[in-house]
>>> print(open('data-v1.csv').read())   # CSV, C-alpha atoms
chain,number,residue,atom,x,y,z
W,1165,MET,CA,209.9,19.5,87.0
W,1166,LYS,CA,211.4,17.2,84.4
W,1167,ALA,CA,211.3,14.3,86.8
W,1168,LEU,CA,207.6,14.9,87.4
W,1169,ALA,CA,206.9,14.9,83.7
W,1170,VAL,CA,208.7,11.6,83.3
W,1171,LEU,CA,206.9,10.1,86.2
W,1172,ALA,CA,203.5,11.2,84.8
W,1173,LEU,CA,204.4,9.7,81.4
W,1174,LEU,CA,205.4,6.4,83.0
W,1175,THR,CA,202.2,6.3,85.1
W,1176,PHE,CA,200.1,6.9,82.0
W,1177,ALA,CA,202.0,4.2,80.0
W,1178,LEU,CA,201.5,1.7,82.9
W,1179,LEU,CA,197.8,2.5,83.2
W,1180,ALA,CA,197.3,2.2,79.4
W,1181,GLY,CA,198.9,-1.2,79.5
W,1182,CYS,CA,196.7,-2.4,82.3
W,1183,SER,CA,193.5,-1.5,80.5
W,1184,SER,CA,194.1,-3.9,77.6
W,1185,MET,CA,192.2,-6.9,79.1
W,1186,PRO,CA,191.5,-10.0,77.0
W,1187,PRO,CA,188.1,-9.8,75.3
W,1188,ALA,CA,185.2,-11.3,77.1
W,1189,PRO,CA,184.0,-14.7,75.9
W,1190,THR,CA,181.2,-14.9,73.4
W,1191,VAL,CA,178.2,-16.4,75.1
W,1192,LEU,CA,176.9,-19.0,72.7
W,1193,THR,CA,173.2,-19.3,71.9
W,1194,PRO,CA,171.7,-22.8,71.8
W,1195,GLN,CA,170.5,-24.1,68.4
W,1196,ALA,CA,167.0,-25.6,68.0
W,1197,ASP,CA,168.3,-29.0,69.1
W,1198,GLY,CA,169.9,-27.5,72.2
W,1199,SER,CA,173.5,-27.8,71.0
W,1200,TYR,CA,176.0,-24.9,70.9
W,1201,LEU,CA,178.1,-24.4,67.7
W,1202,ILE,CA,181.7,-23.5,67.1
W,1203,HIS,CA,182.9,-23.3,63.5
W,1204,MET,CA,186.3,-24.0,62.0
W,1205,ALA,CA,187.2,-21.3,59.5
W,1206,GLY,CA,190.6,-21.3,57.9
W,1207,THR,CA,192.9,-22.0,60.8
W,1208,ARG,CA,190.7,-20.5,63.4
W,1209,PHE,CA,187.9,-21.6,65.7
W,1210,VAL,CA,184.9,-19.2,65.5
W,1211,PRO,CA,184.4,-18.0,68.1
W,1212,ALA,CA,187.8,-18.8,69.7
W,1213,ASN,CA,186.7,-17.7,73.1
W,1214,ALA,CA,183.3,-19.0,74.0
W,1215,GLN,CA,181.0,-19.6,77.0
W,1216,VAL,CA,178.4,-22.2,77.5
W,1217,PRO,CA,176.4,-23.5,80.5
W,1218,VAL,CA,177.2,-26.7,82.4
W,1219,GLY,CA,175.6,-29.6,80.7
W,1220,ALA,CA,176.0,-28.1,77.2
W,1221,ASN,CA,176.6,-30.2,74.1
W,1222,VAL,CA,179.2,-28.2,72.1
W,1223,THR,CA,179.4,-29.1,68.4
W,1224,TRP,CA,182.4,-28.1,66.3
W,1225,VAL,CA,181.6,-27.8,62.6
W,1226,ASN,CA,184.4,-28.0,59.9
W,1227,ASP,CA,183.5,-25.5,57.2
W,1228,GLU,CA,186.8,-25.9,55.4
W,1229,SER,CA,188.1,-28.1,52.6
W,1230,VAL,CA,190.9,-29.3,54.8
W,1231,GLY,CA,190.7,-31.7,57.7
W,1232,HIS,CA,190.8,-30.4,61.3
W,1233,ASP,CA,190.4,-31.9,64.7
W,1234,VAL,CA,189.5,-30.7,68.2
W,1235,THR,CA,191.7,-31.8,71.1
W,1236,ALA,CA,191.7,-30.5,74.7
W,1237,MET,CA,195.1,-29.3,75.9
W,1238,ASP,CA,194.6,-31.4,79.1
W,1239,GLY,CA,193.6,-34.5,77.0
W,1240,SER,CA,190.1,-34.7,78.4
W,1241,PHE,CA,188.5,-34.9,74.9
W,1242,SER,CA,189.5,-35.4,71.3
W,1243,SER,CA,187.7,-35.7,68.0
W,1244,GLY,CA,190.2,-38.4,67.0
W,1245,GLY,CA,192.3,-36.6,64.3
W,1246,VAL,CA,191.9,-34.8,61.0
W,1247,ALA,CA,190.5,-37.9,59.2
W,1248,ASN,CA,187.4,-37.7,61.4
W,1249,LEU,CA,186.7,-34.0,60.8
W,1250,GLN,CA,186.8,-33.5,57.0
W,1251,LYS,CA,184.7,-30.7,55.4
W,1252,GLY,CA,181.1,-30.7,56.6
W,1253,LYS,CA,181.8,-33.1,59.5
W,1254,THR,CA,181.1,-32.4,63.1
W,1255,TYR,CA,182.3,-33.4,66.5
W,1256,THR,CA,180.2,-33.0,69.7
W,1257,HIS,CA,181.2,-33.2,73.3
W,1258,GLN,CA,179.1,-32.7,76.4
W,1259,PHE,CA,180.6,-30.5,79.2
W,1260,THR,CA,179.3,-31.6,82.6
W,1261,VAL,CA,181.7,-29.8,84.9
W,1262,ALA,CA,182.3,-26.0,85.3
W,1263,GLY,CA,185.7,-24.7,84.3
W,1264,THR,CA,187.8,-23.3,81.5
W,1265,ILE,CA,189.0,-25.7,78.8
W,1266,GLU,CA,191.7,-24.8,76.3
W,1267,TYR,CA,191.7,-26.8,73.1
W,1268,HIS,CA,193.4,-26.8,69.7
W,1269,CYS,CA,193.6,-28.4,66.3
W,1270,GLU,CA,196.5,-30.9,66.4
W,1271,ALA,CA,197.2,-30.4,62.7
W,1272,HIS,CA,197.2,-26.6,62.8
W,1273,HIS,CA,198.3,-25.8,66.4
W,1274,GLY,CA,201.5,-24.3,65.1
W,1275,LEU,CA,199.4,-21.9,63.0
W,1276,GLY,CA,197.6,-20.7,66.1
W,1277,MET,CA,194.4,-22.7,65.8
W,1278,GLU,CA,193.4,-22.6,69.4
W,1279,GLY,CA,190.3,-22.0,71.4
W,1280,VAL,CA,189.1,-21.5,75.0
W,1281,LEU,CA,185.7,-22.7,76.3
W,1282,HIS,CA,184.3,-21.4,79.6
W,1283,VAL,CA,181.8,-23.7,81.1
W,1284,GLY,CA,179.4,-22.5,83.8
>>> encode(input="data-v1.csv", output="structure tokens")
Amino acid sequence: MKALAVLALLTFALLAGCSSMPPAPTVLTPQADGSYLIHMAGTRFVPANAQVPVGANVTWVNDESVGHDVTAMDGSFSSGGVANLQKGKTYTHQFTVAGTIEYHCEAHHGLGMEGVLHVG
């Protein structure tokens, strides 16, 4: 009987762990000009997990007083460093191929400033 109780507890713990799936991406809504916005707030991209259609122009907006940048982990795009994205500045990139792109801020990557963009 004791073994059955332990087995039941282990099964419950295993199932509880399996249900903690990552959150679904935020489906971005196009702006009046057709672009999709991701903001830089503190040391975070908002939203950090986003989805856009193929062909989307995504614009990152620096709302902070410190410089940021946007760099793809695979090197496929970069805003060119923090000097280019000071407060109020933007960087836009068009995504023409479906896929998942991980990106980060080079200057604040160690602080967890990372994002994921799902295209398609």
>>> residues_near_point(input="data-v1.csv", point="(182.4, -23.2, 81.5)", cutoff="12 Å", atoms="all atoms listed in the file", output="CSV table (one decimal) with C-alpha atoms, in the coordinates of the input")
chain,number,residue,atom,x,y,z
W,1189,PRO,CA,184.0,-14.7,75.9
W,1190,THR,CA,181.2,-14.9,73.4
W,1191,VAL,CA,178.2,-16.4,75.1
W,1192,LEU,CA,176.9,-19.0,72.7
W,1213,ASN,CA,186.7,-17.7,73.1
W,1214,ALA,CA,183.3,-19.0,74.0
W,1215,GLN,CA,181.0,-19.6,77.0
W,1216,VAL,CA,178.4,-22.2,77.5
W,1217,PRO,CA,176.4,-23.5,80.5
W,1218,VAL,CA,177.2,-26.7,82.4
W,1219,GLY,CA,175.6,-29.6,80.7
W,1220,ALA,CA,176.0,-28.1,77.2
W,1221,ASN,CA,176.6,-30.2,74.1
W,1222,VAL,CA,179.2,-28.2,72.1
W,1258,GLN,CA,179.1,-32.7,76.4
W,1259,PHE,CA,180.6,-30.5,79.2
W,1260,THR,CA,179.3,-31.6,82.6
W,1261,VAL,CA,181.7,-29.8,84.9
W,1262,ALA,CA,182.3,-26.0,85.3
W,1263,GLY,CA,185.7,-24.7,84.3
W,1264,THR,CA,187.8,-23.3,81.5
W,1265,ILE,CA,189.0,-25.7,78.8
W,1266,GLU,CA,191.7,-24.8,76.3
W,1280,VAL,CA,189.1,-21.5,75.0
W,1281,LEU,CA,185.7,-22.7,76.3
W,1282,HIS,CA,184.3,-21.4,79.6
W,1283,VAL,CA,181.8,-23.7,81.1
W,1284,GLY,CA,179.4,-22.5,83.8
>>> axis_aligned_box(input="data-v1.csv", around="segment 1229-1234 of chain W", padding_each_side="6 Å", output="AutoDock Vina command-line options")
--center_x 189.5 --center_y -30.0 --center_z 60.4 --size_x 14.8 --size_y 15.8 --size_z 27.6
>>> atom_distance(input="data-v1.csv", atom1="atom CA of Glu1228 of chain W", atom2="atom CA of Gly1252 of chain W")
7.5 Å
>>> residues_near_point(input="data-v1.csv", point="(193.7, -35.4, 74.4)", cutoff="12 Å", atoms="all atoms listed in the file", output="PyMOL selection string")
chain W and resi 1233-1245+1265-1270
>>> write_last_selection(input="data-v1.csv", atoms="C-alpha atoms", output="compact mmCIF listing (two decimals), in the coordinates of the input")
# COMPACT_ATOMS: atom_id res chain seq x y z
CA ASP W 1233 190.40 -31.90 64.70
CA VAL W 1234 189.50 -30.70 68.20
CA THR W 1235 191.70 -31.80 71.10
CA ALA W 1236 191.70 -30.50 74.70
CA MET W 1237 195.10 -29.30 75.90
CA ASP W 1238 194.60 -31.40 79.10
CA GLY W 1239 193.60 -34.50 77.00
CA SER W 1240 190.10 -34.70 78.40
CA PHE W 1241 188.50 -34.90 74.90
CA SER W 1242 189.50 -35.40 71.30
CA SER W 1243 187.70 -35.70 68.00
CA GLY W 1244 190.20 -38.40 67.00
CA GLY W 1245 192.30 -36.60 64.30
CA ILE W 1265 189.00 -25.70 78.80
CA GLU W 1266 191.70 -24.80 76.30
CA TYR W 1267 191.70 -26.80 73.10
CA HIS W 1268 193.40 -26.80 69.70
CA CYS W 1269 193.60 -28.40 66.30
CA GLU W 1270 196.50 -30.90 66.40
>>> residues_around(input="data-v1.csv", residues="Val1246 of chain W", least_positions_apart="6", cutoff="8 Å", atoms="all atoms listed in the file", output="count of residues only")
4
>>> atom_distance(input="data-v1.csv", atom1="atom CA of Asp1197 of chain W", atom2="atom CA of Trp1224 of chain W")
14.4 Å
>>> atom_distance(input="data-v1.csv", atom1="atom CA of Lys1253 of chain W", atom2="atom CA of Ser1199 of chain W")
15.1 Å
>>> residues_around(input="data-v1.csv", residues="Ser1229 of chain W", least_positions_apart="5", cutoff="10 Å", atoms="all atoms listed in the file", output="CSV table (one decimal) with C-alpha atoms, keeping the file's coordinate frame")
chain,number,residue,atom,x,y,z
W,1205,ALA,CA,187.2,-21.3,59.5
W,1206,GLY,CA,190.6,-21.3,57.9
W,1250,GLN,CA,186.8,-33.5,57.0
W,1251,LYS,CA,184.7,-30.7,55.4
W,1252,GLY,CA,181.1,-30.7,56.6
>>> closest_residue(input="data-v1.csv", among="W:Gly1276, W:Leu1249, W:Thr1256, W:Pro1211", to="Gly1198 of chain W", atoms="only C-alpha atoms")
W:Thr1256
>>> closest_residue(input="data-v1.csv", among="W:Leu1201, W:Ala1212, W:His1257, W:Thr1223", to="Pro1187 of chain W", atoms="all atoms listed in the file")
W:Ala1212
>>> closest_residue(input="data-v1.csv", among="W:Thr1193, W:Asn1248, W:Thr1254, W:Asn1226", to="Thr1207 of chain W", atoms="all atoms listed in the file")
W:Asn1226
